[in-house]
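Next comes work21.txt, a file with compact mmCIF, C-alpha atoms.
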```
# COMPACT_ATOMS: atom_id res chain seq x y z
CA TYR A 126 -47.74 -63.11 -109.70
CA VAL A 127 -49.44 -65.71 -111.92
CA PRO A 128 -50.03 -64.79 -115.59
CA ASN A 129 -52.91 -66.13 -117.71
CA VAL A 130 -54.79 -67.65 -114.79
CA LEU A 131 -58.16 -66.69 -116.31
CA ASP A 132 -59.13 -67.84 -119.79
CA ASP A 133 -58.76 -64.94 -122.23
CA ASP A 134 -62.29 -65.24 -123.64
CA VAL A 135 -63.79 -65.31 -120.15
CA ALA A 136 -61.65 -62.37 -119.02
CA SER A 137 -62.57 -60.30 -122.09
CA THR A 138 -66.29 -61.06 -121.76
CA LEU A 139 -66.24 -60.14 -118.08
CA LEU A 140 -64.39 -56.89 -118.80
CA GLU A 141 -66.90 -56.01 -121.51
CA LYS A 142 -69.88 -56.68 -119.25
CA LEU A 143 -68.48 -54.77 -116.30
CA GLY A 144 -67.32 -51.87 -118.46
CA ALA A 145 -70.82 -51.51 -119.92
CA CYS A 146 -72.44 -51.10 -116.51
CA LYS A 147 -73.53 -47.69 -115.36
CA GLY A 148 -71.61 -45.62 -112.86
CA PRO A 149 -72.35 -42.32 -111.10
CA GLY A 150 -73.75 -39.80 -113.57
CA ASP A 151 -74.00 -42.26 -116.47
CA VAL A 152 -77.21 -42.19 -118.46
CA GLU A 153 -76.28 -44.63 -121.20
CA ASN A 154 -75.13 -48.24 -121.28
CA SER A 155 -77.88 -49.62 -119.08
CA THR A 156 -77.37 -53.38 -118.80
CA ALA A 157 -78.90 -56.33 -117.02
CA LEU A 158 -76.55 -55.55 -114.14
CA GLY A 159 -77.95 -52.02 -113.84
CA SER A 160 -76.08 -49.28 -112.01
CA LEU A 161 -73.29 -51.46 -110.74
CA TRP A 162 -70.51 -49.00 -110.00
CA HIS A 163 -70.24 -46.55 -107.12
CA GLN A 164 -67.78 -43.81 -106.26
CA TYR A 165 -67.18 -44.18 -102.55
CA THR A 166 -65.79 -41.61 -100.14
CA ASP A 167 -63.39 -42.76 -97.44
CA ASP A 168 -61.31 -40.94 -94.81
CA ASN A 169 -59.10 -39.54 -97.59
CA GLY A 170 -62.01 -38.12 -99.60
CA PRO A 171 -63.71 -39.33 -102.82
CA GLN A 172 -61.93 -42.34 -104.26
CA ASP A 173 -60.31 -41.85 -107.67
CA ARG A 174 -61.96 -44.96 -109.11
CA LEU A 175 -65.30 -46.72 -109.22
CA ALA A 176 -66.04 -49.78 -107.11
CA ALA A 177 -68.49 -52.63 -106.56
CA TYR A 178 -68.57 -55.20 -103.76
CA TRP A 179 -70.05 -58.72 -103.74
CA GLY A 180 -69.79 -61.48 -101.20
CA ASP A 181 -71.28 -64.08 -98.92
CA THR A 182 -73.77 -63.03 -96.27
CA CYS A 183 -72.30 -60.87 -93.47
CA CYS A 184 -68.91 -60.45 -95.19
CA ASP A 185 -68.79 -56.73 -94.49
CA PHE A 186 -65.50 -55.03 -95.35
CA TRP A 187 -64.21 -52.06 -93.36
CA PHE A 188 -61.27 -49.99 -94.58
CA VAL A 189 -60.16 -46.35 -94.31
CA GLY A 190 -63.35 -45.35 -92.51
CA LEU A 191 -65.60 -46.98 -95.13
CA LEU A 192 -67.86 -49.94 -94.36
CA LEU A 193 -69.09 -51.93 -97.37
CA HIS A 194 -71.97 -54.40 -97.21
CA PRO A 195 -71.75 -57.07 -99.92
CA ALA A 196 -74.28 -57.41 -102.70
CA PRO A 197 -75.13 -61.07 -103.45
CA TRP A 198 -72.99 -62.85 -106.03
CA PRO A 199 -74.75 -61.96 -109.32
CA ALA A 200 -76.41 -64.94 -110.97
CA ASN A 201 -76.32 -63.17 -114.35
CA LEU A 202 -72.54 -62.79 -114.26
CA PRO A 203 -71.16 -66.36 -114.37
CA GLU A 204 -67.79 -65.07 -115.52
CA LEU A 205 -67.30 -63.56 -112.06
CA LEU A 206 -67.59 -67.03 -110.53
CA SER A 207 -65.05 -68.25 -113.10
CA ALA A 208 -62.71 -65.49 -111.91
CA ARG A 209 -63.29 -66.61 -108.33
CA ARG A 210 -62.24 -70.14 -109.28
CA ALA A 211 -59.20 -68.72 -111.08
CA ALA A 212 -58.24 -66.86 -107.91
CA GLN A 213 -58.42 -70.16 -106.04
CA GLN A 214 -56.17 -71.78 -108.65
CA ALA A 215 -53.66 -68.95 -108.25
CA ALA A 216 -53.66 -69.52 -104.49
CA GLU A 217 -53.10 -73.24 -105.01
CA TYR A 218 -50.18 -72.49 -107.33
CA CYS A 219 -48.58 -70.33 -104.64
CA GLN A 220 -49.25 -72.99 -102.02
CA ARG A 221 -47.37 -75.57 -104.08
CA ARG A 222 -44.41 -73.21 -104.30
CA TYR A 223 -44.43 -71.65 -100.83
CA GLY A 224 -46.59 -73.86 -98.61
CA GLY A 225 -49.82 -73.18 -96.75
CA LYS A 226 -53.41 -74.08 -97.53
CA LEU A 227 -56.59 -72.31 -98.55
CA ASP A 228 -60.11 -73.72 -98.62
CA ALA A 229 -61.98 -72.41 -101.67
CA THR A 230 -64.90 -71.41 -99.46
CA LYS A 231 -62.65 -68.91 -97.70
CA LEU A 232 -62.63 -66.62 -100.75
CA THR A 233 -65.83 -65.09 -99.50
CA SER A 234 -65.96 -61.67 -101.17
CA CYS A 235 -64.79 -59.59 -104.10
CA LEU A 236 -64.08 -55.87 -104.20
CA ALA A 237 -63.94 -54.71 -107.82
CA ASN A 238 -62.16 -51.48 -108.70
CA TYR A 239 -62.76 -49.90 -112.11
CA TYR A 240 -60.10 -47.56 -113.51
CA ARG A 241 -61.50 -45.94 -116.64
CA ARG A 242 -59.22 -45.07 -119.54
CA GLY A 243 -56.86 -42.26 -118.59
CA GLN A 244 -58.36 -42.11 -115.10
CA GLY A 245 -58.04 -43.62 -111.68
CA HIS A 246 -55.19 -44.61 -109.42
CA ILE A 247 -54.46 -45.79 -105.88
CA ASP A 248 -51.72 -44.18 -103.81
CA ALA A 249 -49.25 -46.32 -101.87
CA HIS A 250 -51.00 -48.09 -98.98
CA GLY A 251 -51.46 -51.37 -97.16
CA ASP A 252 -54.82 -53.15 -97.24
CA GLU A 253 -56.92 -53.50 -94.10
CA VAL A 254 -56.96 -57.27 -93.51
CA ARG A 255 -58.13 -57.53 -89.90
CA ALA A 256 -61.27 -59.44 -91.01
CA HIS A 257 -59.45 -61.71 -93.48
CA GLY A 258 -58.96 -64.75 -91.25
CA GLU A 259 -55.73 -66.51 -90.37
CA ASP A 260 -54.09 -66.49 -93.81
CA LYS A 261 -55.31 -63.01 -94.84
CA TYR A 262 -55.56 -63.56 -98.57
CA VAL A 263 -56.08 -60.78 -101.11
CA ILE A 264 -56.00 -62.16 -104.65
CA SER A 265 -56.38 -59.67 -107.49
CA ILE A 266 -57.49 -60.76 -110.96
CA SER A 267 -56.69 -58.13 -113.60
CA LEU A 268 -58.99 -57.38 -116.54
CA GLY A 269 -57.88 -55.00 -119.27
CA GLY A 270 -54.81 -52.88 -118.89
CA PRO A 271 -51.99 -53.54 -118.52
CA ARG A 272 -51.36 -51.18 -115.63
CA GLU A 273 -48.21 -50.93 -113.51
CA PHE A 274 -48.29 -52.18 -109.91
CA VAL A 275 -45.64 -50.83 -107.52
CA LEU A 276 -44.55 -52.52 -104.28
CA THR A 277 -42.43 -50.48 -101.87
CA GLU A 278 -40.88 -51.84 -98.69
CA ARG A 279 -41.61 -49.75 -95.62
CA GLY A 280 -38.80 -48.50 -93.42
CA GLY A 281 -35.33 -47.36 -94.29
CA SER A 282 -34.60 -49.48 -97.35
CA GLN A 283 -37.56 -48.35 -99.49
CA ARG A 284 -36.83 -51.34 -101.74
CA GLU A 285 -39.16 -51.27 -104.73
CA MET A 286 -40.59 -53.82 -107.15
CA ARG A 287 -42.66 -53.06 -110.25
CA LEU A 288 -45.01 -55.41 -112.10
CA GLN A 289 -47.11 -55.07 -115.21
CA LEU A 290 -50.54 -56.47 -114.34
CA GLU A 291 -51.60 -58.19 -117.55
CA HIS A 292 -55.11 -59.08 -118.70
CA GLY A 293 -56.23 -62.34 -117.06
CA SER A 294 -53.37 -62.46 -114.53
CA ALA A 295 -53.51 -62.91 -110.76
CA LEU A 296 -51.55 -61.20 -108.01
CA VAL A 297 -51.59 -63.09 -104.71
CA MET A 298 -50.96 -61.23 -101.45
CA ARG A 299 -50.97 -63.34 -98.31
CA GLY A 300 -50.43 -62.58 -94.64
CA GLU A 301 -50.51 -59.45 -92.53
CA ASP A 302 -46.79 -58.82 -93.10
CA MET A 303 -47.53 -58.28 -96.78
CA GLN A 304 -49.60 -55.25 -95.78
CA THR A 305 -47.58 -53.95 -92.81
CA ALA A 306 -44.05 -54.42 -94.21
CA TRP A 307 -44.89 -53.30 -97.75
CA LYS A 308 -47.02 -50.67 -99.46
CA HIS A 309 -48.56 -51.10 -102.89
CA ALA A 310 -49.83 -48.59 -105.42
CA LEU A 311 -51.41 -48.39 -108.85
CA PRO A 312 -50.18 -45.09 -110.33
CA LEU A 313 -51.84 -43.28 -113.22
CA GLU A 314 -49.52 -43.43 -116.22
CA GLY A 315 -50.80 -40.50 -118.28
CA ASN A 316 -54.02 -39.72 -120.09
CA ASP A 317 -53.70 -42.76 -122.35
CA ALA A 318 -53.53 -45.30 -119.53
CA PRO A 319 -55.76 -48.23 -120.55
CA ALA A 320 -58.95 -49.08 -118.72
CA ARG A 321 -58.62 -51.79 -116.07
CA VAL A 322 -60.86 -53.66 -113.67
CA GLY A 323 -59.19 -55.23 -110.64
CA LEU A 324 -61.16 -58.01 -108.93
CA THR A 325 -59.77 -58.43 -105.41
CA PHE A 326 -61.02 -61.69 -103.93
CA ARG A 327 -60.75 -61.73 -100.16
CA SER A 328 -60.83 -64.29 -97.34
CA ILE A 329 -63.12 -62.22 -95.10
CA VAL A 330 -64.60 -64.07 -92.13
CA PRO A 331 -68.42 -63.78 -92.19
CA GLY A 332 -69.71 -61.70 -89.29
CA TYR A 333 -66.30 -60.43 -88.19
CA GLU A 334 -67.18 -56.73 -88.34
CA HIS A 335 -70.50 -57.37 -86.57
CA PHE A 336 -68.58 -59.09 -83.77
CA VAL A 337 -66.05 -56.23 -83.50
CA LYS A 338 -68.83 -53.66 -83.21
CA LYS A 339 -70.27 -55.49 -80.21
CA LEU A 340 -66.99 -55.41 -78.28
```
Would you write the structure of this file as structure tokens?
Amino acid sequence: YVPNVLDDDVASTLLEKLGACKGPGDVENSTALGSLWHQYTDDNGPQDRLAAYWGDTCCDFWFVGLLLHPAPWPANLPELLSARRAAQQAAEYCQRRYGGKLDATKLTSCLANYYRRGQGHIDAHGDEVRAHGEDKYVISISLGGPREFVLTERGGSQREMRLQLEHGSALVMRGEDMQTAWKHALPLEGNDAPARVGLTFRSIVPGYEHFVKKL
């Protein structure tokens, strides 16, 4: 966990722009980004949050029966590229502490999840990282909040860790073991839970899902 990895002014501007975009059923707040948000349905039913997905060409993301095709990185949202660079800096910080390496070009996509005020949560789960290359990075930049993040070890111990994801912070998850040995959740903490956007930058290998489909 790396606090204050994204400049506060940049983080606040990005949150304001993303929060003003239209979602399903919205008729107001039309912006230059248009109807950005979608409510997807996966194998568990309609997701309890809104989402958007950007990335490099052919960086499709498959998870829980849902296949997302990336929209191009938006030229009119430079703050998103700043967040991408901040995610890289968070990875480099972790590399200095724990070893490993990450080429900036490997952060090829971003799945954004929008939890509106008093709404939205994610139950305990592990991310699908089969397409995320050798190091399997998922780096989440938090905007707004704070919201609580809960890590629970699978198996008999059920060891648990709780973090407050602060505005402008980064949470770095690396490796398949992070997803198979642990579950993570973002619970809803009552009707006054603050709005939050989570930008999960991912090391998806371009064309991986296309290759798998051909096998």
Please provide the set of residues having any atom within 12 Å of Pro203 (chain A), restricted to only C-alpha atoms, with same-chain residues fewer than 3 positions apart removed, written as a PyMOL selection string. chain A and resi 135-136+138-139+142+198-200+206-210
Go ahead and dump the residues you just picked, C-alpha atoms, as a CSV table (one decimal), keeping the file's coordinate frame.
```
chain,number,residue,atom,x,y,z
A,135,VAL,CA,-63.8,-65.3,-120.2
A,136,ALA,CA,-61.6,-62.4,-119.0
A,138,THR,CA,-66.3,-61.1,-121.8
A,139,LEU,CA,-66.2,-60.1,-118.1
A,142,LYS,CA,-69.9,-56.7,-119.2
A,198,TRP,CA,-73.0,-62.8,-106.0
A,199,PRO,CA,-74.8,-62.0,-109.3
A,200,ALA,CA,-76.4,-64.9,-111.0
A,206,LEU,CA,-67.6,-67.0,-110.5
A,207,SER,CA,-65.0,-68.2,-113.1
A,208,ALA,CA,-62.7,-65.5,-111.9
A,209,ARG,CA,-63.3,-66.6,-108.3
A,210,ARG,CA,-62.2,-70.1,-109.3
```
With distances taken over only C-alpha atoms, which residue among A:Phe186, A:Tyr262, A:Trp307, A:Tyr126 lies nearest Leu276 (chain A)? A:Trp307
Need to verify the contact set: Ala306 (chain A), 9 Å, only C-alpha atoms, exclusion of same-chain residues closer than 4 positions in sequence. Can you return it as a PyMOL selection string? chain A and resi 251+277-280+301-302
Quick one: everything within 12 Å of Val254 (chain A), counting only C-alpha atoms, minus sequence neighbours fewer than 4 positions away in the same chain. Send it as an MDAnalysis selection string. chainID A and resid 185:189 258:263 298:305 327:330 333:334
For region 127-130 of chain A, please output as a PyMOL selection string all residues within 9 Å (counting all atoms listed in the file; exclusion window: fewer than 2 positions along the same chain). chain A and resi 132-133+208+211-212+214-215+218-219+266+290-297
Distance query 7 Å from (-68.6, -59.4, -102.3) using all atoms listed in the file, result as a list in words: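 Nearby residues: Tyr178, Trp179, Gly180, Asp181, Pro195, Ala196, Pro197, Trp198, Thr233, Ser234, Cys235 and Leu236 of chain A.
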Figure out the distance between CA of Gly224 (chain A) and CA of Glu253 (chain A), please, to one decimal in Å.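 About the pair CA of Glu253 (chain A) and CA of Gly224 (chain A): they are 23.3 Å apart.
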